[in-house]
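For reference, the structure is listed below as structure tokens.
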Amino acid sequence: MSAATTPVESPWRRALADLADGWRQRELWGHLGWQDIRQRYRRSLLGPIWITISMAVTAVALGILYAGLFGNPLAEQLPYILVGFIVWGFIAGCINEGSEVFIANEGLIKHLPSPISVHVYRLVWRQILFFAHNLIVYAVMLIVFPQPLTWMSLAAIPGFLLLMLNGLWIALLAGIVSTRFRDLTPITQSIVQLMFFMTPIVWIYEDFLNSPNPAIAERARWAELNPFLHFLEIVRAPMLGADQNLRHWVVVLAITVVGWVLALTVMRRYRARVAYWV
């Protein structure tokens, strides 16, 4: 067939093919993600367990502090904060590292002919490994502070799968845009740090929502506008054996669809330019 009649692949098809080709190279990004963790804790006696220890010490300290401030039982406040930290660590890691995922892999992008999605898969896989390490603390917590877990607690699994899907599109979108506009990386990290305090991680949302003071209860409803609340609750609630609300799942599913459409749109137009921007 002559060059004049060769069909031209559409940008949408190329964007989807990049994701598919990147997934097929999971042996590559799986190995690179594991090596990232090993390299970070090279020559360390405990290795990646330091991730878990650091998170556990911070969560326990804040749990004791806020249990006293809010007058809640430690057996209620500490598990809430601990699981919130575990889930938030995954969310914040995908956003913060996603904003510089292509900048940090400049050498590989320029010299290794592979789909750009490989670097995003590698990032999310690394965050999954961090999350798995932190589950050790969750297991210890269940022994010290048993939770009313049921079969419905298995909903944490599809909840975490949704977090993974959102981590992928966020890293793709933030990575491409931040590669073009480098000032967005520190801005993104500052926003994530701010949202930590505005999201019910160390404070219990229901306590304010059910406050006898109607002014406080009314203001607490504004927390529903925070998308991080919904992402936290679809995983934290089942992990604590708490009742689940359908609205959290609806909001997360809606954000997942809209986010992937937006990420694919940006990827369709600017995927090929990433190698020139890094």
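Ligands are numbered from 1 in the order shown, chains are lettered A, B, ... in the order of the structure tokens, and residues start at 1 in each chain.
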
Q: With a distance cut-off of 12 Å and only C-alpha atoms, select the neighbouring residues of Phe131 of chain A, excluding the residue or stretch itself and same-chain residues fewer than 5 positions from it, and output the selection as a list of chain:residue names.
A: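 The contact residues come out as A:Pro48, A:Ile49, A:Ile51, A:Thr52, A:Met55, A:Val83, A:Gly84, A:Phe85, A:Ile86, A:Val87, A:Trp88, A:Gly89, A:Phe90, A:Ile91, A:Ala92, A:Gly93, A:Cys94, A:Val124, A:Trp125, A:Arg126, A:Ile136, A:Val137, A:Tyr138, A:Phe160, A:Leu163, A:Met164.
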
Limited to C-alpha atoms, could you put the picked residues into a file as a short mmCIF file (atom, residue, chain, number, x, y, z; two decimals), in the first residue's frame?
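Final file, out-v4.cif:
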data_model
loop_
_atom_site.label_atom_id
_atom_site.label_comp_id
_atom_site.auth_asym_id
_atom_site.auth_seq_id
_atom_site.Cartn_x
_atom_site.Cartn_y
_atom_site.Cartn_z
CA PRO A 48 10.97 -0.24 53.80
CA ILE A 49 9.65 -0.99 57.31
CA ILE A 51 7.81 3.71 56.06
CA THR A 52 5.47 1.89 58.39
CA MET A 55 3.55 6.61 59.72
CA VAL A 83 -6.60 4.26 58.72
CA GLY A 84 -7.05 7.81 57.47
CA PHE A 85 -3.27 8.21 57.36
CA ILE A 86 -2.86 4.96 55.43
CA VAL A 87 -5.39 5.94 52.78
CA TRP A 88 -4.25 9.55 52.61
CA GLY A 89 -0.66 8.44 52.12
CA PHE A 90 -1.66 6.68 48.91
CA ILE A 91 -3.74 9.62 47.64
CA ALA A 92 -1.14 12.27 48.45
CA GLY A 93 1.67 10.13 47.01
CA CYS A 94 -0.10 9.76 43.67
CA VAL A 124 1.15 3.96 41.20
CA TRP A 125 2.73 0.52 41.72
CA ARG A 126 5.26 2.09 44.09
CA ILE A 136 1.09 -4.02 58.84
CA VAL A 137 0.14 -1.22 61.25
CA TYR A 138 -3.53 -1.76 60.42
CA PHE A 160 -9.01 0.80 46.78
CA LEU A 163 -8.31 4.86 44.25
CA MET A 164 -5.82 3.18 41.93
#

Q. Which residues, written as number ranges by chain, have at least one atom at most 8 Å from segment 203-215 of chain A, with only C-alpha atoms counted and residues fewer than 6 positions away on the same chain left out?
A. A: 66, 77, 80-81, 221, 223

**Q.** Point-to-point distance in Å for atom CA of Leu173 of chain A and atom CA of Ala263 of chain A
**A.**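 Answer for the atom CA of Ala263 of chain A to atom CA of Leu173 of chain A separation: 5.0 Å.
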
Q.
If I take atom CA of Val278 of chain A and atom CA of Lys110 of chain A, how far is one from the other in Å, to one decimal?
A. 8.5 Å

Q: Rank A:Phe145, A:Leu184, A:Gly259, A:Arg13 by their smallest atom-to-atom distance to Leu74 of chain A, using only C-alpha atoms, and report the top residue only.
A: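 Of all the options, A:Phe145 lies closest to Leu74 of chain A.
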
Q: Skip Ala156 of chain A itself and residues of its chain fewer than 6 positions away, then list as a list in words all residues within 8 Å of it, counting only C-alpha atoms.
A: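 With the cut-off at 8 Å, the set is Ile234, Val235, Arg236, Ala237, Pro238 and Met239 of chain A.
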
Residues from the last selection, all heavy atoms, saved as a PDB file, in the first residue's frame:
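Dumped everything to selection-v2.pdb:
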ATOM      1  N   ILE A 234     -14.689   5.653  51.134  1.00  0.00           N
ATOM      2  CA  ILE A 234     -14.999   4.379  50.472  1.00  0.00           C
ATOM      3  C   ILE A 234     -14.005   3.288  50.851  1.00  0.00           C
ATOM      4  O   ILE A 234     -14.260   2.095  50.627  1.00  0.00           O
ATOM      5  CB  ILE A 234     -15.043   4.532  48.932  1.00  0.00           C
ATOM      6  CG1 ILE A 234     -13.669   4.926  48.377  1.00  0.00           C
ATOM      7  CG2 ILE A 234     -16.121   5.512  48.514  1.00  0.00           C
ATOM      8  CD1 ILE A 234     -13.596   4.890  46.867  1.00  0.00           C
ATOM      9  N   VAL A 235     -12.868   3.684  51.455  1.00  0.00           N
ATOM     10  CA  VAL A 235     -11.887   2.697  51.916  1.00  0.00           C
ATOM     11  C   VAL A 235     -11.856   2.638  53.439  1.00  0.00           C
ATOM     12  O   VAL A 235     -11.839   1.564  54.033  1.00  0.00           O
ATOM     13  CB  VAL A 235     -10.477   3.016  51.370  1.00  0.00           C
ATOM     14  CG1 VAL A 235      -9.458   1.998  51.882  1.00  0.00           C
ATOM     15  CG2 VAL A 235     -10.492   3.021  49.851  1.00  0.00           C
ATOM     16  N   ARG A 236     -11.863   3.804  54.089  1.00  0.00           N
ATOM     17  CA  ARG A 236     -11.744   3.826  55.547  1.00  0.00           C
ATOM     18  C   ARG A 236     -12.961   3.229  56.234  1.00  0.00           C
ATOM     19  O   ARG A 236     -12.816   2.459  57.195  1.00  0.00           O
ATOM     20  CB  ARG A 236     -11.519   5.253  56.051  1.00  0.00           C
ATOM     21  CG  ARG A 236     -11.436   5.344  57.573  1.00  0.00           C
ATOM     22  CD  ARG A 236     -10.925   6.685  58.050  1.00  0.00           C
ATOM     23  NE  ARG A 236     -11.739   7.793  57.574  1.00  0.00           N
ATOM     24  CZ  ARG A 236     -11.410   9.074  57.751  1.00  0.00           C
ATOM     25  NH1 ARG A 236     -10.282   9.372  58.383  1.00  0.00           N
ATOM     26  NH2 ARG A 236     -12.178  10.030  57.302  1.00  0.00           N
ATOM     27  N   ALA A 237     -14.160   3.565  55.769  1.00  0.00           N
ATOM     28  CA  ALA A 237     -15.362   3.066  56.435  1.00  0.00           C
ATOM     29  C   ALA A 237     -15.406   1.536  56.477  1.00  0.00           C
ATOM     30  O   ALA A 237     -15.609   0.955  57.557  1.00  0.00           O
ATOM     31  CB  ALA A 237     -16.613   3.637  55.756  1.00  0.00           C
ATOM     32  N   PRO A 238     -15.227   0.833  55.355  1.00  0.00           N
ATOM     33  CA  PRO A 238     -15.235  -0.635  55.455  1.00  0.00           C
ATOM     34  C   PRO A 238     -14.063  -1.194  56.253  1.00  0.00           C
ATOM     35  O   PRO A 238     -14.203  -2.227  56.920  1.00  0.00           O
ATOM     36  CB  PRO A 238     -15.182  -1.089  53.994  1.00  0.00           C
ATOM     37  CG  PRO A 238     -14.696   0.081  53.220  1.00  0.00           C
ATOM     38  CD  PRO A 238     -15.163   1.285  53.960  1.00  0.00           C
ATOM     39  N   MET A 239     -12.900  -0.533  56.241  1.00  0.00           N
ATOM     40  CA  MET A 239     -11.764  -1.022  57.008  1.00  0.00           C
ATOM     41  C   MET A 239     -11.997  -0.895  58.509  1.00  0.00           C
ATOM     42  O   MET A 239     -11.376  -1.609  59.306  1.00  0.00           O
ATOM     43  CB  MET A 239     -10.488  -0.271  56.619  1.00  0.00           C
ATOM     44  CG  MET A 239      -9.969  -0.632  55.233  1.00  0.00           C
ATOM     45  SD  MET A 239      -8.454   0.272  54.778  1.00  0.00           S
ATOM     46  CE  MET A 239      -7.261  -0.484  55.894  1.00  0.00           C
TER      47      MET A 239
END

Determine which residues of segment 113-213 of chain A receive a DSSP assignment of alpha helix (DSSP H), computed from the backbone, and state them as a PDB file with C-alpha atoms, in the first residue's frame.
ATOM      1  CA  SER A 117       2.262   5.498  30.717  1.00  0.00           C
ATOM      2  CA  VAL A 118       5.033   3.144  31.884  1.00  0.00           C
ATOM      3  CA  HIS A 119       6.239   5.849  34.267  1.00  0.00           C
ATOM      4  CA  VAL A 120       2.733   6.426  35.609  1.00  0.00           C
ATOM      5  CA  TYR A 121       2.174   2.703  36.184  1.00  0.00           C
ATOM      6  CA  ARG A 122       5.521   2.580  37.950  1.00  0.00           C
ATOM      7  CA  LEU A 123       4.521   5.445  40.249  1.00  0.00           C
ATOM      8  CA  VAL A 124       1.149   3.956  41.199  1.00  0.00           C
ATOM      9  CA  TRP A 125       2.727   0.525  41.724  1.00  0.00           C
ATOM     10  CA  ARG A 126       5.257   2.093  44.092  1.00  0.00           C
ATOM     11  CA  GLN A 127       2.429   3.731  46.050  1.00  0.00           C
ATOM     12  CA  ILE A 128       0.628   0.380  46.219  1.00  0.00           C
ATOM     13  CA  LEU A 129       3.747  -1.145  47.778  1.00  0.00           C
ATOM     14  CA  PHE A 130       3.867   1.675  50.345  1.00  0.00           C
ATOM     15  CA  PHE A 131       0.185   1.070  51.103  1.00  0.00           C
ATOM     16  CA  ALA A 132       0.817  -2.655  51.558  1.00  0.00           C
ATOM     17  CA  HIS A 133       3.646  -1.937  54.003  1.00  0.00           C
ATOM     18  CA  ASN A 134       1.373   0.339  56.033  1.00  0.00           C
ATOM     19  CA  LEU A 135      -1.242  -2.397  56.296  1.00  0.00           C
ATOM     20  CA  ILE A 136       1.091  -4.022  58.840  1.00  0.00           C
ATOM     21  CA  VAL A 137       0.140  -1.218  61.247  1.00  0.00           C
ATOM     22  CA  TYR A 138      -3.531  -1.759  60.425  1.00  0.00           C
ATOM     23  CA  ALA A 139      -3.205  -5.449  61.320  1.00  0.00           C
ATOM     24  CA  VAL A 140      -1.593  -4.551  64.671  1.00  0.00           C
ATOM     25  CA  MET A 141      -4.342  -1.999  65.304  1.00  0.00           C
ATOM     26  CA  LEU A 142      -7.020  -4.668  64.817  1.00  0.00           C
ATOM     27  CA  ILE A 143      -5.378  -6.699  67.572  1.00  0.00           C
ATOM     28  CA  VAL A 144      -5.119  -3.775  70.017  1.00  0.00           C
ATOM     29  CA  ALA A 156     -12.529  -1.790  50.879  1.00  0.00           C
ATOM     30  CA  ILE A 157     -11.079  -3.830  47.994  1.00  0.00           C
ATOM     31  CA  PRO A 158     -13.176  -2.268  45.179  1.00  0.00           C
ATOM     32  CA  GLY A 159     -12.780   1.047  47.001  1.00  0.00           C
ATOM     33  CA  PHE A 160      -9.007   0.796  46.776  1.00  0.00           C
ATOM     34  CA  LEU A 161      -9.248  -0.272  43.121  1.00  0.00           C
ATOM     35  CA  LEU A 162     -11.101   2.976  42.476  1.00  0.00           C
ATOM     36  CA  LEU A 163      -8.313   4.856  44.250  1.00  0.00           C
ATOM     37  CA  MET A 164      -5.819   3.177  41.931  1.00  0.00           C
ATOM     38  CA  LEU A 165      -7.806   4.145  38.831  1.00  0.00           C
ATOM     39  CA  ASN A 166      -7.973   7.734  40.009  1.00  0.00           C
ATOM     40  CA  GLY A 167      -4.296   7.724  40.928  1.00  0.00           C
ATOM     41  CA  LEU A 168      -3.499   6.797  37.321  1.00  0.00           C
ATOM     42  CA  TRP A 169      -5.445   9.599  35.671  1.00  0.00           C
ATOM     43  CA  ILE A 170      -4.311  12.167  38.237  1.00  0.00           C
ATOM     44  CA  ALA A 171      -0.648  11.256  37.681  1.00  0.00           C
ATOM     45  CA  LEU A 172      -1.111  11.360  33.903  1.00  0.00           C
ATOM     46  CA  LEU A 173      -2.861  14.717  33.927  1.00  0.00           C
ATOM     47  CA  ALA A 174      -0.715  16.384  36.585  1.00  0.00           C
ATOM     48  CA  GLY A 175       2.454  14.942  35.081  1.00  0.00           C
ATOM     49  CA  ILE A 176       1.817  16.257  31.573  1.00  0.00           C
ATOM     50  CA  VAL A 177       0.640  19.704  32.677  1.00  0.00           C
ATOM     51  CA  SER A 178       3.414  20.136  35.269  1.00  0.00           C
ATOM     52  CA  THR A 179       6.043  19.094  32.736  1.00  0.00           C
ATOM     53  CA  ARG A 180       4.952  22.006  30.560  1.00  0.00           C
ATOM     54  CA  LEU A 184       2.592  23.857  39.071  1.00  0.00           C
ATOM     55  CA  THR A 185       4.591  21.209  40.950  1.00  0.00           C
ATOM     56  CA  PRO A 186       5.200  23.241  44.155  1.00  0.00           C
ATOM     57  CA  ILE A 187       1.684  24.689  43.872  1.00  0.00           C
ATOM     58  CA  THR A 188       0.211  21.191  43.699  1.00  0.00           C
ATOM     59  CA  GLN A 189       2.224  20.013  46.698  1.00  0.00           C
ATOM     60  CA  SER A 190       1.147  23.049  48.729  1.00  0.00           C
ATOM     61  CA  ILE A 191      -2.508  22.404  47.887  1.00  0.00           C
ATOM     62  CA  VAL A 192      -2.198  18.752  48.947  1.00  0.00           C
ATOM     63  CA  GLN A 193      -0.671  19.826  52.262  1.00  0.00           C
ATOM     64  CA  LEU A 194      -3.514  22.298  52.807  1.00  0.00           C
ATOM     65  CA  MET A 195      -6.152  19.691  51.958  1.00  0.00           C
ATOM     66  CA  PHE A 196      -4.723  17.385  54.632  1.00  0.00           C
ATOM     67  CA  PHE A 197      -6.047  19.772  57.291  1.00  0.00           C
ATOM     68  CA  MET A 198      -9.334  20.409  55.489  1.00  0.00           C
ATOM     69  CA  TYR A 205     -16.552  14.442  60.356  1.00  0.00           C
ATOM     70  CA  GLU A 206     -19.635  12.909  62.005  1.00  0.00           C
ATOM     71  CA  ASP A 207     -18.808  14.532  65.358  1.00  0.00           C
ATOM     72  CA  PHE A 208     -19.133  17.987  63.829  1.00  0.00           C
ATOM     73  CA  LEU A 209     -22.088  16.994  61.648  1.00  0.00           C
TER      74      LEU A 209
END

Q.
Measuring between only C-alpha atoms, which one of A:Phe231, A:Trp12, A:Trp222, A:Phe181 shows the shortest distance to Ile103 of chain A?
A. A:Phe181

Q.
Can you tell me which residues surround Ser10 of chain A at a distance of at most 12 Å, considering only C-alpha atoms, apart from same-chain residues fewer than 6 positions away, and format the answer as a list of chain:residue names?
A.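 Counting only C-alpha atoms, the residues come to A:Leu16, A:Ala17, A:Arg268, A:Arg269.
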